[in-house]
Amino acid sequence: MAEVTPAVEICDLVKDFKTSFRRQMLRAVGGVSIRIEPGEVYGLIGPNGSGKSTTMKALLGLVAPTSGRCAIFGQDSLRVDSRREVGFLPENPYFYKHLSGAETLRFYGKLCGMRGRILEERVSELLVLVDLENARDRRLGGYSKGMLQRIGLAQALVQDPRLLILDEPTAGVDPMGSRQIRDLIFKLRERGITVFLCSHLLEQVQEVCDRVGIIFQGKMVKEGRLEDLIAIEDQTEIVLRDASPELIARITALVAANPETELVRSGKPRTTLERLFLRETQRDAP
Amino acid sequence: MSQTPLSPTRSASGSHAGRISVIASHTFTQLVRMKVFYFLAVFAVITIGSNFFDLPQHAGPEAAGTNILNSIKSWSVGTMTLFSVVFAIVATALLLPKDVEDRTLYTILAKPVPRLDYLAGKLLGVILLVFVSLALMDGLMTAVLQIRSSMILSAQMELAHSRGWSAPEIASMRNDIVSQGPNISLQAAVFVVFLRASIMASLALLISTFSTSTLFTSIISFMIYFIGHFQADARGVFLEAGAGWMTRAIALLVALVLPDFHLFNEFDAVIQGQAFPPMLLGQITGIGLFYAVFYVIASWFIFAEKEF
C-alpha cells in the first residue's frame, strides 16, 4: 500500500534567533520533529517561550529554519504553493479595522484567487458558520474579542483548506465562544480537515485532540496519542447513576475483601466550572 | 454556531496581477477610510485664496492679471508637491509596520501570496492614492485657472478695444494670457509632481522593509528627498576638484542609490508660462521609472529574507 503523504511533516527543526548582541544566538527551537497525518487533530502544548509559535511560523514560511525541514502535504513550507491548502489563525489577531466582516472575508478570499458568486456564497456561508451574519456589515473596529477571533477563524477557512493551523484559538474568548470554537474543530475533524493547534488551555486540548506533543525549552519532551499519554494504567474507573447507599457499601466491602486491590477514591464526580457556566447561562438565555 | 456545512470551494490561488490588484485596491480603501481626502478642503482654500494674492505688478497694463494666474499656478503646484510627497512617504511608512504590529501580515502571508505581490500591492495602493489626489487637485486648479484666465481675457480685450490696439497686438496679448492659463505643459508639470511622489513612495517602501518605526522611515525619507534636490550640484563640485576613478565611482553609486531630483525642478519654467520640452519630460519619466523599479527590487530582496 502506498504511503499517505502527511499533512504536516517537521523534521529536526532548529531555529536560532540573533539577540541584540549580534554574536549571541538564542535557540528558540532545537530539533523538533512532528508528523501529522491527514484528518488528525494535533495539539502542541508548552509554556510561554517554549517554541510553539516559532514552530508554527516555520511551518508557514514566516521564519526560515536554521536547519531541518518543514513540509505541508509534501511541499516545502518555504514555497508559496504550500500555503494553498492552509488556513492560519494567529494568536490575538487584529484584522483591518476599517473593513466589515464580509469585506474582510472577501479580501482574504480574493487573495486565494476566489471571485464572483462562488466568493459571495462562501462569505455568507462562513459568516453563518461563525455566527456573525448579523454583524456582516459592521466594521471590525466595533467587534468584541470573541467576534474578532471568530472572523479570524472564518478567514482561515475561506479557501476551504485541508490544513488549519490555530495559534491559541480561544485566547481571550469567553467560555461560550470557546465552546463554539471547540465545536467547530469537531465539525472540521468530521469533514477530514487536519487541525494543528497550540493552546495553553490543556482541558480544551484534551477534549479535541487525537495526538498531543509537549514542547519545553524548544525541545519535544513527550508526544503520542492522547489516550496513551493520560491513561493511568493501574487504575479503573466505574461511574454509577442512582446507586443506593447499600449498593455502594456492598461494592466497597467486596473491594476490601480483595487484598490485591485498593480503593483509591469514591464519591460524587464533579462537573467542570465551564460546563456549569454554560448550563447556567444557556438556561437563562432568551 | 450554526450547523451550516462547509462547502467545497477550493480554487486556484489566482494570478500575480490579481493578487497585486486586490492588495492595491485594499490599501487605497484603507487610506481613503483614514479620511486623507480631507486635505482637499485645505487645497481648495489655498487655490481659491491664491486668486487674491495681489502681487506687485511691474509690467504694463497689457500684462495685467497674468501675475494672478502665476500666483494660482505657483501656489497650487507647490501645494500639490508638498501634499503628494507627504502622502507618499507617510502612507507608505505607516502601512508595513502597522501590518506587522497587528499581525495582519501573518494572515496575508499565510495565504498563497508571494512577498513581492504584497509589496507591489501596497506600493501601488499608495501610488493610486497619490494619483487620485493629484487628479482631484489638478482638476480644481485647472477649473480655477480657466475661470480666472477667461475673466482676465475679457477684461483685457475690452481694454484693448477701448485703446484701439491693432489686431496683431490683440493677438499677442491674447497668446500671452492663454499661455498663462491651463495647458498641456501645466499637466506635464503635474505629471512630474506625480513621478517625484511615486519615487518617494518606493524609497519609503525600501526603508520600511528594514525599519520597524514609521517615524524613522518618514524622517530618513524626507532627508533623502531634500538631499535629492542638491545632490547633483554637490556631485558636480566634488568631481570638478580633480577626482580619481574611485571618487567618480562613489559619486556614481550615490547618484544610483539616492534619487537625483535636479531635473524635476525644471517645471518651474512652466509656472512662468513656458512650454515643457517633450524630451525633458521623457528623460524625467525614464529617471522616475528607474528609481521606482530599483527601489522595489531592493525592497523585495530585503523583504524576501525578513522573518516575522
# chains A, B, ... in the order shown; residues from 1 in each chain; ligands from 1

$ residues_around --residues "Leu289 (chain B)" --least-positions-apart "6" --cutoff "10 Å" --atoms "only C-alpha atoms" --output "PDB file with N, CA, C and O atoms, in the first residue's frame"
ATOM      1  N   LEU B 195       5.371  61.772 -10.526  1.00  0.00           N
ATOM      2  CA  LEU B 195       6.540  60.886 -10.618  1.00  0.00           C
ATOM      3  C   LEU B 195       7.429  61.017  -9.387  1.00  0.00           C
ATOM      4  O   LEU B 195       7.911  60.020  -8.840  1.00  0.00           O
ATOM      5  N   SER B 198       5.915  59.303  -6.516  1.00  0.00           N
ATOM      6  CA  SER B 198       5.986  57.844  -6.681  1.00  0.00           C
ATOM      7  C   SER B 198       7.377  57.324  -6.313  1.00  0.00           C
ATOM      8  O   SER B 198       7.511  56.260  -5.693  1.00  0.00           O
ATOM      9  N   ILE B 199       8.403  58.087  -6.704  1.00  0.00           N
ATOM     10  CA  ILE B 199       9.774  57.699  -6.330  1.00  0.00           C
ATOM     11  C   ILE B 199       9.904  57.690  -4.810  1.00  0.00           C
ATOM     12  O   ILE B 199      10.465  56.766  -4.215  1.00  0.00           O
ATOM     13  N   TYR B 295      14.124  50.695  -6.442  1.00  0.00           N
ATOM     14  CA  TYR B 295      13.769  50.619  -5.015  1.00  0.00           C
ATOM     15  C   TYR B 295      12.857  49.429  -4.724  1.00  0.00           C
ATOM     16  O   TYR B 295      12.962  48.806  -3.668  1.00  0.00           O
TER      17      TYR B 295
END

$ interface_residues --of "chain A" --to "chain B" --cutoff "7 Å" --atoms "only C-alpha atoms" --output "count of residues only"
25

$ residues_around --residues "Pro182 (chain B)" --least-positions-apart "5" --cutoff "9 Å" --atoms "only C-alpha atoms" --output "ChimeraX atom specification"
/B:73,141-143,145-146,149,187

$ residues_around --residues "Gln231 (chain B)" --least-positions-apart "2" --cutoff "8 Å" --atoms "only C-alpha atoms" --output "PyMOL selection string"
chain B and resi 227-229+233-235+255+260+262

$ closest_atom_pairs --of "region 175-243 of chain A" --to "region 138-155 of chain A" --cutoff "9 Å" --atoms "only C-alpha atoms" --output "Markdown table"
| residue | atom | partner | partner_atom | distance |
| --- | --- | --- | --- | --- |
| A:Gly177 | CA | A:Gly146 | CA | 6.2 |
| A:Ser178 | CA | A:Gly146 | CA | 8.3 |
| A:Ile181 | CA | A:Arg150 | CA | 7.7 |

$ residues_around --residues "Met137 (chain B)" --least-positions-apart "6" --cutoff "12 Å" --atoms "only C-alpha atoms" --output "list in words"
Phe37, Phe39, Leu40, Ala41, Val42, Phe43, Ala44, Val45, Ile46, Thr47, Ile48, Lys73, Trp75, Ser76, Val77, Gly78, Thr79, Met80, Thr81, Phe83, Ser84, Val130, Phe131, Ala143, Val144, Gln187, Val190, Val193 and Phe194 of chain B

$ select_by_dssp --residues "region 35-283 of chain A" --states "strand (DSSP E or B)" --output "ChimeraX atom specification"
/A:35-36,41-45,67-72,75-76,86-89,100,139,163-167,194-198,211-216,219-225

$ write_last_selection --atoms "C-alpha atoms" --output "PDB file, in the first residue's frame"
ATOM      1  CA  ARG A  35       4.337  14.299  11.795  1.00  0.00           C
ATOM      2  CA  ILE A  36       0.592  14.880  11.492  1.00  0.00           C
ATOM      3  CA  VAL A  41      -6.265  16.992  15.310  1.00  0.00           C
ATOM      4  CA  TYR A  42      -2.846  17.609  16.829  1.00  0.00           C
ATOM      5  CA  GLY A  43      -2.248  19.776  19.864  1.00  0.00           C
ATOM      6  CA  LEU A  44       1.113  21.313  20.682  1.00  0.00           C
ATOM      7  CA  ILE A  45       1.289  22.417  24.294  1.00  0.00           C
ATOM      8  CA  SER A  67      18.317  23.676   9.917  1.00  0.00           C
ATOM      9  CA  GLY A  68      15.776  20.965   9.349  1.00  0.00           C
ATOM     10  CA  ARG A  69      12.767  20.953   7.073  1.00  0.00           C
ATOM     11  CA  CYS A  70       9.043  21.709   7.254  1.00  0.00           C
ATOM     12  CA  ALA A  71       6.547  20.454   4.696  1.00  0.00           C
ATOM     13  CA  ILE A  72       2.798  20.736   4.189  1.00  0.00           C
ATOM     14  CA  GLN A  75       5.549  20.634  -0.237  1.00  0.00           C
ATOM     15  CA  ASP A  76       8.372  22.582   1.352  1.00  0.00           C
ATOM     16  CA  VAL A  86      -3.528  26.079   4.714  1.00  0.00           C
ATOM     17  CA  GLY A  87      -5.668  28.327   6.874  1.00  0.00           C
ATOM     18  CA  PHE A  88      -3.963  30.141   9.730  1.00  0.00           C
ATOM     19  CA  LEU A  89      -5.313  31.969  12.753  1.00  0.00           C
ATOM     20  CA  SER A 100     -16.582  44.999   7.740  1.00  0.00           C
ATOM     21  CA  ARG A 139     -16.689  47.317  10.804  1.00  0.00           C
ATOM     22  CA  LEU A 163      -4.986  22.023   6.993  1.00  0.00           C
ATOM     23  CA  LEU A 164      -5.945  24.520   9.686  1.00  0.00           C
ATOM     24  CA  ILE A 165      -3.259  25.976  11.939  1.00  0.00           C
ATOM     25  CA  LEU A 166      -4.579  27.647  15.083  1.00  0.00           C
ATOM     26  CA  ASP A 167      -2.323  29.514  17.492  1.00  0.00           C
ATOM     27  CA  THR A 194      -6.389  18.340   9.638  1.00  0.00           C
ATOM     28  CA  VAL A 195      -6.043  20.702  12.591  1.00  0.00           C
ATOM     29  CA  PHE A 196      -2.763  21.717  14.178  1.00  0.00           C
ATOM     30  CA  LEU A 197      -3.335  23.835  17.250  1.00  0.00           C
ATOM     31  CA  CYS A 198      -1.373  25.136  20.152  1.00  0.00           C
ATOM     32  CA  ARG A 211      -2.468  13.394  19.443  1.00  0.00           C
ATOM     33  CA  VAL A 212      -0.505  15.769  21.623  1.00  0.00           C
ATOM     34  CA  GLY A 213       3.068  16.992  21.774  1.00  0.00           C
ATOM     35  CA  ILE A 214       4.575  18.700  24.793  1.00  0.00           C
ATOM     36  CA  ILE A 215       7.311  21.161  23.950  1.00  0.00           C
ATOM     37  CA  PHE A 216       9.592  22.626  26.588  1.00  0.00           C
ATOM     38  CA  LYS A 219      12.516  20.514  22.594  1.00  0.00           C
ATOM     39  CA  MET A 220       9.762  17.942  22.254  1.00  0.00           C
ATOM     40  CA  VAL A 221       9.654  16.200  25.611  1.00  0.00           C
ATOM     41  CA  LYS A 222       6.606  13.970  25.110  1.00  0.00           C
ATOM     42  CA  GLU A 223       4.467  13.036  22.152  1.00  0.00           C
ATOM     43  CA  GLY A 224       1.798  10.474  21.417  1.00  0.00           C
ATOM     44  CA  ARG A 225      -1.868   9.548  21.259  1.00  0.00           C
TER      45      ARG A 225
END

$ closest_residue --among "B:Ala188, B:Arg196, B:Ser211, B:Leu252" --to "Val270 (chain B)" --atoms "only C-alpha atoms"
B:Ala188

$ atom_distance --atom1 "CA of Ala201 (chain B)" --atom2 "CA of Thr92 (chain B)"
6.0 Å

$ select_by_dssp --residues "region 26-250 of chain A" --states "alpha helix (DSSP H)" --output "ChimeraX atom specification"
/A:52-59,101-111,116-129,145-156,175-190,202-208,226-230,245-250

$ atom_distance --atom1 "CA of Ala88 (chain B)" --atom2 "CA of Tyr38 (chain B)"
15.8 Å

$ residues_around --residues "region 12-19 of chain A" --least-positions-apart "5" --cutoff "7 Å" --atoms "only C-alpha atoms" --output "ChimeraX atom specification"
/A:24-33,65-69

$ write_last_selection --atoms "C-alpha atoms" --output "PDB file, in the first residue's frame"
ATOM      1  CA  GLN A  24      24.910  35.625  20.639  1.00  0.00           C
ATOM      2  CA  MET A  25      22.315  33.267  19.253  1.00  0.00           C
ATOM      3  CA  LEU A  26      19.125  32.310  21.011  1.00  0.00           C
ATOM      4  CA  ARG A  27      17.878  28.809  20.216  1.00  0.00           C
ATOM      5  CA  ALA A  28      14.071  29.003  20.100  1.00  0.00           C
ATOM      6  CA  VAL A  29      13.535  25.523  18.690  1.00  0.00           C
ATOM      7  CA  GLY A  30      16.093  22.748  18.993  1.00  0.00           C
ATOM      8  CA  GLY A  31      15.497  19.683  16.859  1.00  0.00           C
ATOM      9  CA  VAL A  32      11.711  19.326  16.918  1.00  0.00           C
ATOM     10  CA  SER A  33      10.087  16.688  14.705  1.00  0.00           C
ATOM     11  CA  PRO A  65      14.598  27.151   9.639  1.00  0.00           C
ATOM     12  CA  THR A  66      18.227  27.380  10.712  1.00  0.00           C
ATOM     13  CA  SER A  67      18.317  23.676   9.917  1.00  0.00           C
ATOM     14  CA  GLY A  68      15.776  20.965   9.349  1.00  0.00           C
ATOM     15  CA  ARG A  69      12.767  20.953   7.073  1.00  0.00           C
TER      16      ARG A  69
END

$ atom_distance --atom1 "CA of Asp137 (chain A)" --atom2 "CA of Ala102 (chain A)"
6.3 Å
